[in-house]
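Enquirer: Quick one: this structure, given as structure tokens, is what I'll be asking you about.
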Amino acid sequence: MATKVVYFTVDGKPEQAEFRSDDTADELKDTFRAAAEANSDDILKLYNTKGNLINISPKLPENTPDTRYKLEVVALHCNGFPYYMMQIDNVLATQFGVVIKDLESRIEMLEKKVFVENGEIPPVVGELKHKVEHLREKLEGVDHLSWLGLFKDISCGTSLKPFWDKTQSIKKTEEHNRMVFEKFKKISQVQVTDEVREYLRKPTFDNWQWDDPEMIILLRQMYIDLDLVSKFNIEMNVLHQWLYEIYKNYNQVPFHNFKHCFMVAQMMYGLTWLIDLRSVLDDVDIFILLTSAICHDLDHPGYNNAYQINAKTELALRYNDISPLENHHCFVAFEILQKSHCNILRNVSKEDYKRIREGMIRCILATDMAKHNEILNNFKSVMKNFDFKSQEHKSLLLMILLKVADISNECRPMDVAEPWLECLLQEFFNQSDMEKLEGLPVAPFMDRDKVTKSSSQIGFIKFALLPLFEALRELFPVIEKDIIQPVRAALEYYTDMQKALEEEKKKGREAAKQRMDKDVIKSKIQT
Ligand code: 5GP
Ligand code: MN
């Protein structure tokens with residue numbers, strides 16, 4: 001029987017195979033498969049020296065070592081997941097992705113149209129929106145579809161590192177949001193009592209007594225009672241939609257969540273009344289302050305700027321390591337305001353919009369603690385002859401006010417403030433645990449092995465909080481009693497706690513030493 005020899009390379013390695021003239025195409029392929037150590041269902045591709053694909057059949061021309069064919073194997077199984085399934089998924093996901101995106105934009109158009117015609121969005125449209133969101137969520141949750149990243153937001157569709165820990169679900173589910181919205185809608189007709197409205201103006205306000213839908217109602221009350229609803233012609237339905245969107249865009253993280261947003265807004269609101277800010281600032285400034293407070297930590301992932309920068313996350317890359325989080329909070333704030341059905345600025349003049357946007361960006365970016373000393377020093381230098389008519393002075397004052405509200409937990413009563421400290425430390429520890437795992441630098445103030453409640457607060461109050469609050473007191477002495485005194489009391493409380501801790505440690509060390517001494521004496525007696 002006549003035989004022929006063909007030469008080829010597989011994976012760069014030279015091989016040769018001998019065929020009989022009566023071998024079938026399948027037998028030929030089996031021989032090639034054996035040479036390539038390929039599976040029976042893998043696809044074989046044979047190329048000639050010109051790079052053209054050629055058929056593996058008994059008619060395959062003989063060649064020489066100088067004119068070798070090139071054999072390639074296409075694995076049908078990829079990471080244990082069948083290749084053809086991935087192709088099917090790819091098609092499905094692409095099609096679903098297009099369909100979902102199309103549905104979403106059509107619903108948004110519908111929302112706009114209905115809103116313009118009726119002044120409010122009927123429940124059936126909301127229902128439809130919820131259903132599509134639910135479908136998207138379900139598809140995102142299917143493991144073998146999610147690898148495509150087609151439905152994920154901007155941070156996941158790229159090869160860049162996401163800016164939160166995806167193994168922990170920090171995003172609110174559609175079901176959760178829906179429940180909150182239902183309750184919010186139910187109570188939205190209820191009048192907030194005068195007693196609660198009065199209490200809401202106090203720095204002693206206790207957030208732990210209120211649930212999320214109630215806090216949304218209280219935020220609404222702030223806009224009503226500061227006359228911002230009437231001054232900026234905000235439609236009630238738009239205010240509701242905006243607040244709900246804000247709520248959805250705060251994550252379920254230990255500290256930087258919707259409750260923190262509420263507390264910062266509430267302190268800003270309390271300061272507005274305490275200092276009587278309305279007698280020195282105009283409505284636009286008051287609007288900037290309250291709205292910046294509400295938006296200032298939107299979509300916070302629970303990992304700070306240092307982590308973003310060290311881990312080279314997508315946010316750090318996008319914003320060139322310059323306040324990545326604060327830039328992101330601001331971006332999300334204006335992204336929400338782009339949607340007309342929740343744009344509380346839709347009826348303001350162009351000039352007011354420009355001022356509000358500039359003011360909010362300035363204030364939110366100022367909450368980056370890396371800028372703390374710079375902003376405080378600038379404020380102190382204008383304080384010598386502060387002029388409420390100067391734009392520059394006023395703009396610094398707005399930044400300082402938001403910064404004060406942002407770090408104001410320690411002026412709250414102890415039973416309100418202490419749980420907040422526990423939340424903050426929980427978030428710090430989560431981050432430092434992750435940094436240890438990833439081999440990234442760990443800040444000592446976040447390290448569970450180095451920090452205690454008292455050590456954390458003593459340093460923070462002495463070096464960050466009091467200098468800032470005392471600078472504001474220069475301008476508004478009225479804050480001494482309700483804002484500064486409670487902080488001093490907290491500093492005392494934590495100083496005592498630290499002393500007690502050190503005392504205990506000292507006692508422990510002495511007891512250990514005594515035990516050791518006894519052991520030494522005993523061993524001497526025995527010998
Ligand atoms: P935020 O991230 O909330 O916009 O900026 C405030 C930052 O100041 C927090 O991330 C946190 O690092 C720090 N901070 C605020 N309140 C406290 C506090 O009570 N104790 C300590 N140690 N740090 C605080
Ligand atoms: Mn904050």
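A note on labels: chains of the structure tokens are A, B, ... as shown, every chain counts residues from 1, and ligands are counted from 1 in their shown order.
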Residues of range 437-479 of chain A classed as helix (DSSP H, G or I) by DSSP on the backbone are to be reported as a list of chain:residue names.
Expert: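 In range 437-479 of chain A, DSSP puts these residues in helix (DSSP H, G or I): A:Leu437, A:Glu438, A:Pro444, A:Phe445, A:Met446, A:Lys453, A:Ser454, A:Ser455, A:Ser456, A:Gln457, A:Ile458, A:Gly459, A:Phe460, A:Ile461, A:Lys462, A:Phe463, A:Ala464, A:Leu465, A:Leu466, A:Pro467, A:Leu468, A:Phe469, A:Glu470, A:Ala471, A:Leu472, A:Arg473, A:Glu474, A:Leu475, A:Ile479.
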Enquirer: What are the closest atom pairs, with distances in Å to one decimal, for all residues of chain A lying within 8 Å of ligand 2? Consider only C-alpha atoms and all ligand atoms, order rows by chain and residue number, and present the result as a Markdown table.
Expert:
| residue | atom | partner | partner_atom_place_in_ligand_line | distance |
| --- | --- | --- | --- | --- |
| A:His256 | CA | ligand 2 | 1 (Mn) | 6.4 |
| A:His260 | CA | ligand 2 | 1 (Mn) | 6.7 |
| A:Cys261 | CA | ligand 2 | 1 (Mn) | 6.9 |
| A:Val264 | CA | ligand 2 | 1 (Mn) | 7.1 |
| A:His296 | CA | ligand 2 | 1 (Mn) | 6.3 |
| A:Asp297 | CA | ligand 2 | 1 (Mn) | 5.5 |
| A:Thr367 | CA | ligand 2 | 1 (Mn) | 7.1 |
| A:Asp406 | CA | ligand 2 | 1 (Mn) | 4.9 |
| A:Ile407 | CA | ligand 2 | 1 (Mn) | 7.0 |
Enquirer: Those residues with N, CA, C and O atoms, as an mmCIF file, in the first residue's frame please?
Expert:
data_model
loop_
_atom_site.group_PDB
_atom_site.id
_atom_site.type_symbol
_atom_site.label_atom_id
_atom_site.label_comp_id
_atom_site.auth_asym_id
_atom_site.auth_seq_id
_atom_site.Cartn_x
_atom_site.Cartn_y
_atom_site.Cartn_z
ATOM 1 N N HIS A 256 -20.700 55.106 54.837
ATOM 2 C CA HIS A 256 -21.058 56.092 53.801
ATOM 3 C C HIS A 256 -22.346 55.698 53.079
ATOM 4 O O HIS A 256 -22.359 55.512 51.862
ATOM 5 N N HIS A 260 -25.936 58.317 56.488
ATOM 6 C CA HIS A 260 -24.890 59.345 56.622
ATOM 7 C C HIS A 260 -25.277 60.573 55.789
ATOM 8 O O HIS A 260 -25.156 61.710 56.262
ATOM 9 N N CYS A 261 -25.751 60.346 54.590
ATOM 10 C CA CYS A 261 -26.223 61.448 53.732
ATOM 11 C C CYS A 261 -27.276 62.250 54.494
ATOM 12 O O CYS A 261 -27.216 63.480 54.569
ATOM 13 N N VAL A 264 -25.727 64.305 57.446
ATOM 14 C CA VAL A 264 -24.959 65.484 57.018
ATOM 15 C C VAL A 264 -25.945 66.582 56.582
ATOM 16 O O VAL A 264 -25.792 67.759 56.937
ATOM 17 N N HIS A 296 -23.280 64.614 48.694
ATOM 18 C CA HIS A 296 -21.822 64.663 48.819
ATOM 19 C C HIS A 296 -21.102 63.305 48.847
ATOM 20 O O HIS A 296 -19.897 63.257 48.592
ATOM 21 N N ASP A 297 -21.796 62.201 49.145
ATOM 22 C CA ASP A 297 -21.125 60.888 49.152
ATOM 23 C C ASP A 297 -21.848 59.882 48.245
ATOM 24 O O ASP A 297 -21.749 58.656 48.472
ATOM 25 N N THR A 367 -14.950 68.237 50.273
ATOM 26 C CA THR A 367 -15.082 67.253 51.361
ATOM 27 C C THR A 367 -13.952 66.219 51.357
ATOM 28 O O THR A 367 -13.902 65.368 52.247
ATOM 29 N N ASP A 406 -20.176 67.492 57.490
ATOM 30 C CA ASP A 406 -19.702 66.165 57.093
ATOM 31 C C ASP A 406 -19.054 65.407 58.250
ATOM 32 O O ASP A 406 -19.208 64.188 58.365
ATOM 33 N N ILE A 407 -18.327 66.127 59.106
ATOM 34 C CA ILE A 407 -17.598 65.413 60.175
ATOM 35 C C ILE A 407 -18.174 65.750 61.549
ATOM 36 O O ILE A 407 -17.454 65.806 62.547
#
Enquirer: Work out how far apart CA of Leu290 in chain A and CA of Glu422 in chain A are and give it in Å to one decimal.
Expert: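 Interatomic distance here is 25.9 Å.
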Enquirer: Pick out the residues sitting within 8 Å of range 457-470 of chain A, and hand them over as JSON, numbers by chain; count only C-alpha atoms, and ignore anything fewer than 5 positions along from it in its own chain.
Expert: {"A": [372, 376, 400, 404, 407, 408, 484, 487, 491, 494, 495]}
Enquirer: Would you mind exporting N, CA, C and O atoms of the selected residues as a short mmCIF file (atom, residue, chain, number, x, y, z; two decimals), in the first residue's frame?
Expert:
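The result, written out as out16.cif:
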data_model
loop_
_atom_site.label_atom_id
_atom_site.label_comp_id
_atom_site.auth_asym_id
_atom_site.auth_seq_id
_atom_site.Cartn_x
_atom_site.Cartn_y
_atom_site.Cartn_z
N HIS A 372 -8.12 69.21 53.61
CA HIS A 372 -8.60 69.83 54.85
C HIS A 372 -7.77 71.06 55.27
O HIS A 372 -8.31 72.15 55.44
N LEU A 376 -8.93 74.98 55.26
CA LEU A 376 -9.03 75.63 56.57
C LEU A 376 -8.11 76.86 56.64
O LEU A 376 -8.51 77.93 57.11
N ILE A 400 -16.54 75.39 54.04
CA ILE A 400 -16.31 75.10 55.47
C ILE A 400 -17.58 74.55 56.11
O ILE A 400 -17.54 73.58 56.88
N VAL A 404 -17.93 71.03 57.94
CA VAL A 404 -18.36 70.91 59.35
C VAL A 404 -19.48 69.88 59.46
O VAL A 404 -19.43 68.96 60.29
N ILE A 407 -18.33 66.13 59.11
CA ILE A 407 -17.60 65.41 60.17
C ILE A 407 -18.17 65.75 61.55
O ILE A 407 -17.45 65.81 62.55
N SER A 408 -19.49 65.96 61.58
CA SER A 408 -20.09 66.50 62.80
C SER A 408 -20.66 65.45 63.76
O SER A 408 -21.33 65.82 64.72
N ILE A 484 -19.86 73.15 69.70
CA ILE A 484 -18.48 72.94 70.19
C ILE A 484 -18.44 72.25 71.55
O ILE A 484 -17.65 71.33 71.76
N VAL A 487 -18.61 68.52 71.52
CA VAL A 487 -17.37 67.92 70.99
C VAL A 487 -16.33 67.83 72.10
O VAL A 487 -15.64 66.82 72.25
N LEU A 491 -14.51 64.61 73.62
CA LEU A 491 -13.05 64.47 73.75
C LEU A 491 -12.70 64.00 75.16
O LEU A 491 -11.85 63.10 75.33
N TYR A 494 -13.63 60.28 75.57
CA TYR A 494 -12.69 59.35 74.95
C TYR A 494 -11.31 59.40 75.62
O TYR A 494 -10.60 58.39 75.65
N THR A 495 -10.96 60.57 76.19
CA THR A 495 -9.69 60.65 76.91
C THR A 495 -9.78 59.76 78.16
O THR A 495 -8.84 59.01 78.46
#
Enquirer: Which of these residues is nearest to ligand 1, using only C-alpha atoms and all ligand atoms: A:Phe287, A:Tyr319, A:Phe258, A:Phe476?
Expert: A:Phe258
Enquirer: Measuring atom to atom with only C-alpha atoms, identify which of A:Ala17, A:Leu274, A:Met1, A:Met236 is nearest to Val478 in chain A.
Expert: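 Residue with the minimum atom-to-atom distance to Val478 in chain A: A:Leu274.
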Enquirer: Pick from A:Leu135, A:Ala471, A:Val382, A:Cys330: nearest to ligand 1, with only C-alpha atoms and all ligand atoms counted?
Expert: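 Closest to ligand 1, using only C-alpha atoms and all ligand atoms: A:Cys330.
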Enquirer: Which residues are close to range 332-347 of chain A, i.e. within 8 Å by only C-alpha atoms, leaving aside same-chain residues fewer than 4 positions away? Reply as a PDB file with N, CA and C atoms, in the first residue's frame.
Expert:
ATOM      1  N   GLU A 111     -41.780  58.321  30.207  1.00  0.00           N
ATOM      2  CA  GLU A 111     -41.826  59.044  31.476  1.00  0.00           C
ATOM      3  C   GLU A 111     -41.848  60.549  31.241  1.00  0.00           C
ATOM      4  N   LYS A 112     -40.932  60.989  30.359  1.00  0.00           N
ATOM      5  CA  LYS A 112     -40.819  62.417  30.053  1.00  0.00           C
ATOM      6  C   LYS A 112     -42.130  62.941  29.462  1.00  0.00           C
ATOM      7  N   PHE A 115     -44.991  62.902  31.848  1.00  0.00           N
ATOM      8  CA  PHE A 115     -44.769  63.921  32.864  1.00  0.00           C
ATOM      9  C   PHE A 115     -45.119  65.310  32.340  1.00  0.00           C
ATOM     10  N   PHE A 232     -37.676  77.924  44.228  1.00  0.00           N
ATOM     11  CA  PHE A 232     -37.107  77.341  42.999  1.00  0.00           C
ATOM     12  C   PHE A 232     -38.159  76.607  42.167  1.00  0.00           C
ATOM     13  N   ASN A 233     -39.419  76.820  42.578  1.00  0.00           N
ATOM     14  CA  ASN A 233     -40.527  76.289  41.792  1.00  0.00           C
ATOM     15  C   ASN A 233     -40.370  74.774  41.551  1.00  0.00           C
ATOM     16  N   ILE A 234     -40.107  74.042  42.623  1.00  0.00           N
ATOM     17  CA  ILE A 234     -39.870  72.589  42.490  1.00  0.00           C
ATOM     18  C   ILE A 234     -41.211  71.860  42.573  1.00  0.00           C
ATOM     19  N   GLU A 235     -41.534  71.083  41.527  1.00  0.00           N
ATOM     20  CA  GLU A 235     -42.782  70.304  41.568  1.00  0.00           C
ATOM     21  C   GLU A 235     -42.625  69.166  42.575  1.00  0.00           C
ATOM     22  N   VAL A 238     -41.508  65.845  41.272  1.00  0.00           N
ATOM     23  CA  VAL A 238     -40.088  65.833  40.879  1.00  0.00           C
ATOM     24  C   VAL A 238     -39.205  65.704  42.124  1.00  0.00           C
ATOM     25  N   LEU A 239     -39.598  66.407  43.172  1.00  0.00           N
ATOM     26  CA  LEU A 239     -38.834  66.317  44.425  1.00  0.00           C
ATOM     27  C   LEU A 239     -38.847  64.870  44.951  1.00  0.00           C
ATOM     28  N   HIS A 240     -40.020  64.233  44.859  1.00  0.00           N
ATOM     29  CA  HIS A 240     -40.129  62.825  45.298  1.00  0.00           C
ATOM     30  C   HIS A 240     -39.219  61.936  44.467  1.00  0.00           C
ATOM     31  N   GLN A 241     -39.298  62.087  43.150  1.00  0.00           N
ATOM     32  CA  GLN A 241     -38.498  61.229  42.256  1.00  0.00           C
ATOM     33  C   GLN A 241     -37.004  61.455  42.487  1.00  0.00           C
ATOM     34  N   TRP A 242     -36.641  62.709  42.688  1.00  0.00           N
ATOM     35  CA  TRP A 242     -35.228  63.030  42.905  1.00  0.00           C
ATOM     36  C   TRP A 242     -34.731  62.391  44.213  1.00  0.00           C
ATOM     37  N   GLU A 245     -34.315  58.716  43.827  1.00  0.00           N
ATOM     38  CA  GLU A 245     -33.123  58.404  43.019  1.00  0.00           C
ATOM     39  C   GLU A 245     -31.856  58.568  43.868  1.00  0.00           C
ATOM     40  N   ILE A 246     -31.827  59.611  44.687  1.00  0.00           N
ATOM     41  CA  ILE A 246     -30.698  59.833  45.605  1.00  0.00           C
ATOM     42  C   ILE A 246     -30.596  58.620  46.533  1.00  0.00           C
ATOM     43  N   CYS A 295     -25.966  65.215  48.369  1.00  0.00           N
ATOM     44  CA  CYS A 295     -25.280  64.505  47.263  1.00  0.00           C
ATOM     45  C   CYS A 295     -23.824  64.144  47.572  1.00  0.00           C
ATOM     46  N   LEU A 298     -22.548  60.344  47.240  1.00  0.00           N
ATOM     47  CA  LEU A 298     -23.325  59.455  46.352  1.00  0.00           C
ATOM     48  C   LEU A 298     -22.469  58.318  45.785  1.00  0.00           C
ATOM     49  N   ASP A 299     -23.010  57.117  45.838  1.00  0.00           N
ATOM     50  CA  ASP A 299     -22.361  55.921  45.280  1.00  0.00           C
ATOM     51  C   ASP A 299     -20.987  55.639  45.910  1.00  0.00           C
ATOM     52  N   HIS A 328     -16.410  61.518  41.684  1.00  0.00           N
ATOM     53  CA  HIS A 328     -17.462  60.564  41.318  1.00  0.00           C
ATOM     54  C   HIS A 328     -18.802  60.938  41.966  1.00  0.00           C
ATOM     55  N   TYR A 353     -28.794  78.127  37.558  1.00  0.00           N
ATOM     56  CA  TYR A 353     -28.284  76.758  37.350  1.00  0.00           C
ATOM     57  C   TYR A 353     -26.755  76.777  37.355  1.00  0.00           C
TER      58      TYR A 353
END
Enquirer: Name all residues at most 12 Å from His300 in chain A (count only C-alpha atoms; drop same-chain ones fewer than 4 positions away) and give them as an MDAnalysis selection string.
Expert: chainID A and resid 163:165 170:171 248:258 260:261 295:296 304:305 308 315 324:333 427
Enquirer: Select, from A:Leu398, A:Lys259, A:Glu438, A:Gly359, the residue with the minimum atom-to-atom distance to ligand 1, counting only C-alpha atoms and all ligand atoms.
Expert: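 Residue with the minimum atom-to-atom distance to ligand 1: A:Lys259.
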Enquirer: Using only C-alpha atoms, which protein or nucleic acid residues come within 6 Å of Tyr47 in chain A? Drop anything in the same chain fewer than 2 positions from it, and give the result as a list in words.
Expert: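 Here the answer would be Gly51, Asn52, Leu53, Ile54, Tyr69 and Lys70 of chain A.
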Enquirer: For ligand 1, which residue out of A:Met414, A:Met369, A:Val192, A:Val6 is the nearest one, using only C-alpha atoms and all ligand atoms?
Expert: A:Met369
